[in-house]
Structures are given as C-alpha cells and as structure tokens.
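This report concerns only the one structure given below.
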Amino acid sequence: MNVSERQKMETINTPYDDTFRTLLQDCPELVVPLINELFGTNYTGREVVVSNENEIFFRNPEGKKEKRVTDSNLTLISLKGISKRYHLECQSTADGTMEIRMWEYDAQIALRNKEYRDGVLYVNFPDSAVIYLRSNSNTPDELKICICVGKKEIFYEIPILKVKNYTLNEIFEKQLWMLIPFYIFRYEKEFRKINRDEKRLRSLRMEYENVAARLDQECQSGRMKPITGGALCELANNVVEKLASKYDNVEKEVTEVMGGKVLNYRSKEIFREAMEKGLEEGRRKGQEEGREEGLEEGRKEGRKEGRLEGRLEGRLEGRLEGRLEGRLEGSNQKTVELVTKKYQKGDSVSKIAEDLLMSVEEVEEILGKMTVSQ
C-alpha cells in the first residue's frame with residue numbers, strides 16, 4: 001500500500017460515520033432489520049444487540065502500530081441464546097481502500113475470538129457488509145477478496161447496501177429506519193437546481209413532511225420508541241446541515257420540518273419515557289437494597305414538587321432523591337452491621353476502624369448509639 005492510500009485510511013472518519021455510530025449506540029434495535037435486509041436473516045427484533053469494542057490495533061508493513069475504528073462491531077443474541085457476530089461500515093465515498101480496511105477489521109475481529117480445538121486454531125470471521133451513502137451504475141453489489149492458500153482460492157464476499165436504491169415506501173415497509181438520516185443523499189446531485197426553484201423546494205419540504213408524519217405514525221402505533229423517532233429527526237438534521245451547507249434554502253426546508261414542531265413534540269415524549277424508565281430503575285434498586293421506605297419518601301417529595309414546578313419534573317426529582325436516599329440508608333445500615341459484628345467478636349475499636357477504613361471516632365459513635373438503644 002502506498003503512502004497516499006494509507007493516509008486515506010487514517011482520515012476516513014466523517015460526520016456520517018458519527019451519525020451511523022450514534023444510531024447504533026442510542027437505538028441499537030434499528031440495526032436488526034438492516035441485518036435482515038443485508039444477509040437474508042429472519043430476526044424478529046427482540047434479539048439482544050451487544051456492541052463490542054470497535055478499536056482495532058495492528059502493525060503496518062513498516063512495523064508502525066496503527067489504530068482503526070470500526071463503525072460497528074456487534075453481536076446479536078437470539079431468544080434461544082444463539083449469538084452471531086456482525087461488522088457493518090458506513091461509507092460516504094468510494095476511496096479504493098474499502099476492501100483492505102474490511103479485511104483488516106474482520107481479520108482482527110476473528111482473531112479476538114479465536115479458539116483452539118484438538119490442536120487446530122479456529123477463527124470465525126463476522127458477517128460483514130458496507131452501507132454506501134453514494135453510489136452509481138459502476139458501484140458493485142459486493143466487495144470481493146480472494147484468499148490464496150497454495151493452489152486453493154477462497155473468495156470472501158462482502159455485500160453492499162446502496163442507500164439511494166431504497167424509496168421512502170421501501171424504507172418504512174422494511175423498517176429500514178436507520179437509513180432515514182441518510183435519505184437526503186438521493187437529492188445531493190440536484191441541490192443546486194432545488195435551491196433556486198420554489199416548486200422543487202416545496203416538493204422537498206413535502207417529502208420530509210411525509211417522513212415526519214410516518215415517523216409519528218410508527219411511534220403512535222408502538223412499532224417505534226418515541227426516543228428513537230426523536231433521534232432519527234435530530235440526526236437527519238445533522239446530516240442535511242453538513243451535506244447541504246452551501247445550499248441555504250435546501251437546508252432550511254428540511255431542518256424546519258425535522259427540527260421544528262415535530263422534534264419539540266417528540267422531545268416531550270422522550271422526557272416522559274425517560275421518567276418512566278427512571279421510575280422502573282428506582283423501584284428495582286429499591287427492592288434489591290431493601291430501601292422501600294426511602295423510595296416512598298422520594299415519591300411523596302416528587303409529587304409535592306410536581307404540583308409546584310410541574311408534574312413531570314417533580315416526579316423525576318422525587319424518584320431520584322428517593323433512590324439516592326435509599327442507597328445511602330442501605331450503605332449506612334451495612335456499615336453499622338459490620339461494626340457491630342466485629343465488636344461482638346471481640347475486635348478492638350482501633351482494629352475495626354482500620355479494617356473498615358473508618359476513623360476511631362466514627363466507630364465509637366456507632367457503638368455508642370448501639371449501647372444507648374440497648
């Protein structure tokens with residue numbers, strides 16, 4: 001590989017890669033229909049998606065240690081406990097290094113999960129694919145790598161998904177919602193004309209009003225989480241701001257739809273969902289630590305604050321305070337029990353303080369309270 005090719009590989013990160021990674025991190029369920037589309041699988045969407053370490057380190061031919069960051073290195077675990085590893089890359093522009101990068105990534109991922117059986121080294125390569133945001137008639141349907149071992153040739157084929165090939169109807173019918181932030185790429189070559197044409201601008205706005213309306217429908221039906229719909233709107237904004245930064249009218253029409261009233265409405269639902277999740281977590285923690293009294297106090301405080309400052313904010317604050325108080329009480333109770341047990345075994349005050357990383361005064365205070373209560 002020459003210097004220019006290696007430099008390309010070292011500066012590969014783009015805002016679109018960041019968008020892809022953000023979706024995987026914040027809305028991992030979106031990747032499941034994408035995997036079904038790429039590999040012909042039949043996952044139901046109830047699988048567990050586990051994000052694995054995505055930093056790859058290796059030495060180049062000159063002996064220099066290099067780092068690569070994959071867009072996704074994940075594992076899907078089915079309801080039956082069967083796991084399968086996948087590697088997906090989001091590519092905005094063909095640069096002639098994709099095959100090399102995929103091989104480097106996949107080989108390192110395989111080596112991380114190597115195993116020896118009966119004296120034989122087994123390496124399992126992940127199922128890999130590339131999502132192309134830009135494509136043309138010359139873009140292949142797959143990348144091909146030929147591995148030559150002696151007289152044998154093994155072809156390693158990596159499927160390519162071309163975003164521009166999918167209509168809006170197909171995206172929603174197949175639940176390929178992860179492609180929505182990148183939908184604007186299909187108009188990229190027309191930006192100049194659209195930016196100067198009122199009719200085209202209205203048409204573009206109507207297209208994104210349709211996107212926003214259908215996202216709302218998916219959220220209302222329960223097929224999509226409101227927080228996921230909000231993330232798709234926000235990230236669609238981020239992409240168009242970068243891609244159409246030189247075309248003010250194009251950027252304005254899209255961001256007004258995806259970043260205006262729709263996003264504001266969705267933010268309320270996101271907040272409500274976050275509160276419900278916080279409540280559930282508070283209940284679970286309270287049960288585990290036996291601090292139901294603290295949790296109940298938090299609820300009461302939350303209701304009181306909710307009447308004064310707004311019902312939603314009050315609940316969140318009350319539950320958080322209750323959870324923290326419950327944890328603190330649980331921690332103090334455990335400390336008292338440990339001090340008491342050690343004292344009853346005959347340990348001195350100084351030894352108890354040393355063992356429990358406490359001061360002598362703290363131990364004496366606990367023992368003093370214990371004596372008074374008796």
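Ordering of the structure tokens sets the chain letters (A, B, ...), residue numbers begin anew at 1 in every chain, and ligands are numbered from 1 in the order given.
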*Mind checking which residues fall within 10 Å of Asp18 (chain A), counting only C-alpha atoms, ignoring those fewer than 4 positions away in the same chain, and posting them as a list in words?*
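Final neighbour list, sorted by chain and number: Asn13, Thr14, Thr22, Leu23, Leu24, Asp71, Cys90, Leu235 and Val239 of chain A.
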*asked:* Excluding Glu218 (chain A) and its own-chain neighbours fewer than 6 positions away, which residues fall within 12 Å of it when counting only C-alpha atoms? Please give them as an MDAnalysis selection string.
replied: chainID A and resid 172:173 175 177 211:212 224:230
*In region 47-190 of chain A, DSSP helix (DSSP H, G or I) residues written as a count of residues only*: 38
*asked:* Env of Asn210 (chain A): 12 Å cut, atoms = only C-alpha atoms, seq-sep filter 3 positions within chain, self excluded. Answer as a list in words.
replied: Leu168, Asn169, Phe172, Ile180, Ser203, Leu204, Arg205, Met206, Glu207, Ala213, Arg214, Leu215, Asp216, Gln217, Val254, Val257, Met258 and Val262 of chain A
File of the preceding selection, N, CA and C atoms, as an mmCIF file, in the first residue's frame:
```
data_model
loop_
_atom_site.group_PDB
_atom_site.id
_atom_site.type_symbol
_atom_site.label_atom_id
_atom_site.label_comp_id
_atom_site.auth_asym_id
_atom_site.auth_seq_id
_atom_site.Cartn_x
_atom_site.Cartn_y
_atom_site.Cartn_z
ATOM 1 N N LEU A 168 -38.744 5.807 -0.161
ATOM 2 C CA LEU A 168 -39.271 6.045 1.175
ATOM 3 C C LEU A 168 -40.245 4.945 1.587
ATOM 4 N N ASN A 169 -41.066 4.494 0.657
ATOM 5 C CA ASN A 169 -42.009 3.417 0.961
ATOM 6 C C ASN A 169 -41.272 2.141 1.362
ATOM 7 N N PHE A 172 -39.874 2.328 4.966
ATOM 8 C CA PHE A 172 -40.852 2.122 6.031
ATOM 9 C C PHE A 172 -41.446 0.714 5.994
ATOM 10 N N ILE A 180 -32.993 6.588 7.336
ATOM 11 C CA ILE A 180 -33.703 7.858 7.209
ATOM 12 C C ILE A 180 -32.779 9.078 7.308
ATOM 13 N N SER A 203 -41.597 20.735 -3.031
ATOM 14 C CA SER A 203 -41.666 19.286 -3.177
ATOM 15 C C SER A 203 -40.761 18.590 -2.158
ATOM 16 N N LEU A 204 -39.560 19.140 -1.960
ATOM 17 C CA LEU A 204 -38.640 18.569 -0.973
ATOM 18 C C LEU A 204 -39.216 18.681 0.432
ATOM 19 N N ARG A 205 -39.814 19.830 0.720
ATOM 20 C CA ARG A 205 -40.403 20.007 2.052
ATOM 21 C C ARG A 205 -41.535 19.005 2.277
ATOM 22 N N MET A 206 -42.379 18.833 1.255
ATOM 23 C CA MET A 206 -43.487 17.876 1.375
ATOM 24 C C MET A 206 -42.968 16.459 1.592
ATOM 25 N N GLU A 207 -41.855 16.142 0.935
ATOM 26 C CA GLU A 207 -41.256 14.815 1.109
ATOM 27 C C GLU A 207 -40.867 14.589 2.567
ATOM 28 N N ALA A 213 -44.360 12.682 9.326
ATOM 29 C CA ALA A 213 -45.692 12.146 9.628
ATOM 30 C C ALA A 213 -45.641 10.633 9.809
ATOM 31 N N ARG A 214 -44.868 9.955 8.968
ATOM 32 C CA ARG A 214 -44.792 8.497 9.070
ATOM 33 C C ARG A 214 -44.020 8.058 10.313
ATOM 34 N N LEU A 215 -43.032 8.852 10.698
ATOM 35 C CA LEU A 215 -42.342 8.563 11.954
ATOM 36 C C LEU A 215 -43.312 8.695 13.127
ATOM 37 N N ASP A 216 -44.137 9.724 13.094
ATOM 38 C CA ASP A 216 -45.143 9.887 14.138
ATOM 39 C C ASP A 216 -46.088 8.689 14.181
ATOM 40 N N GLN A 217 -46.497 8.213 13.023
ATOM 41 C CA GLN A 217 -47.393 7.055 12.960
ATOM 42 C C GLN A 217 -46.741 5.821 13.581
ATOM 43 N N VAL A 254 -35.634 21.432 5.013
ATOM 44 C CA VAL A 254 -35.581 20.146 5.715
ATOM 45 C C VAL A 254 -35.530 20.351 7.227
ATOM 46 N N VAL A 257 -38.737 21.285 9.100
ATOM 47 C CA VAL A 257 -39.671 20.179 9.307
ATOM 48 C C VAL A 257 -39.155 19.232 10.387
ATOM 49 N N MET A 258 -37.915 18.763 10.232
ATOM 50 C CA MET A 258 -37.389 17.733 11.124
ATOM 51 C C MET A 258 -36.944 18.306 12.469
ATOM 52 N N VAL A 262 -42.118 19.064 15.113
ATOM 53 C CA VAL A 262 -42.085 17.609 15.239
ATOM 54 C C VAL A 262 -41.107 17.191 16.321
#
```
*Figure out the distance between CA of Met178 (chain A) and CA of Leu232 (chain A), please, to one decimal in Å.*
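Those two atoms sit 7.7 Å apart.
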*A:Asn249, A:Thr93, A:Thr44, A:Thr340: which is nearest Leu133 (chain A), counting only C-alpha atoms?*
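Among A:Asn249, A:Thr93, A:Thr44, A:Thr340, it is A:Thr93 that comes nearest to Leu133 (chain A).
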*Could you tell me which of A:Glu55, A:Glu241, A:Asp127, A:Glu280 comes closest to Tyr16 (chain A) if we count only C-alpha atoms?*
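Looking only at the distances to Tyr16 (chain A), the closest residue turns out to be A:Glu241.
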*For Ile184 (chain A), which residue out of A:Lys164, A:Arg21, A:Lys151, A:Lys342 is the nearest one, using only C-alpha atoms?*
A:Lys164
_Shell of 10 Å around Asp355 (chain A), only C-alpha atoms, local chain residues under 3 positions omitted, as a ChimeraX atom specification_ = /A:339,342,350-352,358
Would you output that residue set with N, CA, C and O atoms, as an mmCIF file, in the first residue's frame?
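As written to disk, out-v7.cif reads:
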```
data_model
loop_
_atom_site.group_PDB
_atom_site.id
_atom_site.type_symbol
_atom_site.label_atom_id
_atom_site.label_comp_id
_atom_site.auth_asym_id
_atom_site.auth_seq_id
_atom_site.Cartn_x
_atom_site.Cartn_y
_atom_site.Cartn_z
ATOM 1 N N VAL A 339 -19.704 -3.092 61.841
ATOM 2 C CA VAL A 339 -19.061 -2.640 63.093
ATOM 3 C C VAL A 339 -19.558 -3.463 64.268
ATOM 4 O O VAL A 339 -18.768 -3.918 65.121
ATOM 5 N N LYS A 342 -18.124 -7.098 64.267
ATOM 6 C CA LYS A 342 -16.710 -7.141 64.634
ATOM 7 C C LYS A 342 -16.519 -6.875 66.137
ATOM 8 O O LYS A 342 -15.680 -7.489 66.792
ATOM 9 N N SER A 350 -9.919 0.305 67.505
ATOM 10 C CA SER A 350 -8.899 0.706 66.532
ATOM 11 C C SER A 350 -8.791 -0.304 65.389
ATOM 12 O O SER A 350 -8.597 0.067 64.233
ATOM 13 N N LYS A 351 -8.921 -1.615 65.728
ATOM 14 C CA LYS A 351 -8.839 -2.637 64.669
ATOM 15 C C LYS A 351 -10.045 -2.556 63.733
ATOM 16 O O LYS A 351 -9.930 -2.681 62.514
ATOM 17 N N ILE A 352 -11.229 -2.305 64.323
ATOM 18 C CA ILE A 352 -12.434 -2.162 63.490
ATOM 19 C C ILE A 352 -12.277 -0.974 62.548
ATOM 20 O O ILE A 352 -12.579 -1.058 61.350
ATOM 21 N N MET A 358 -12.310 3.381 58.464
ATOM 22 C CA MET A 358 -13.068 4.413 59.161
ATOM 23 C C MET A 358 -12.170 5.082 60.197
ATOM 24 O O MET A 358 -11.084 4.582 60.527
#
```
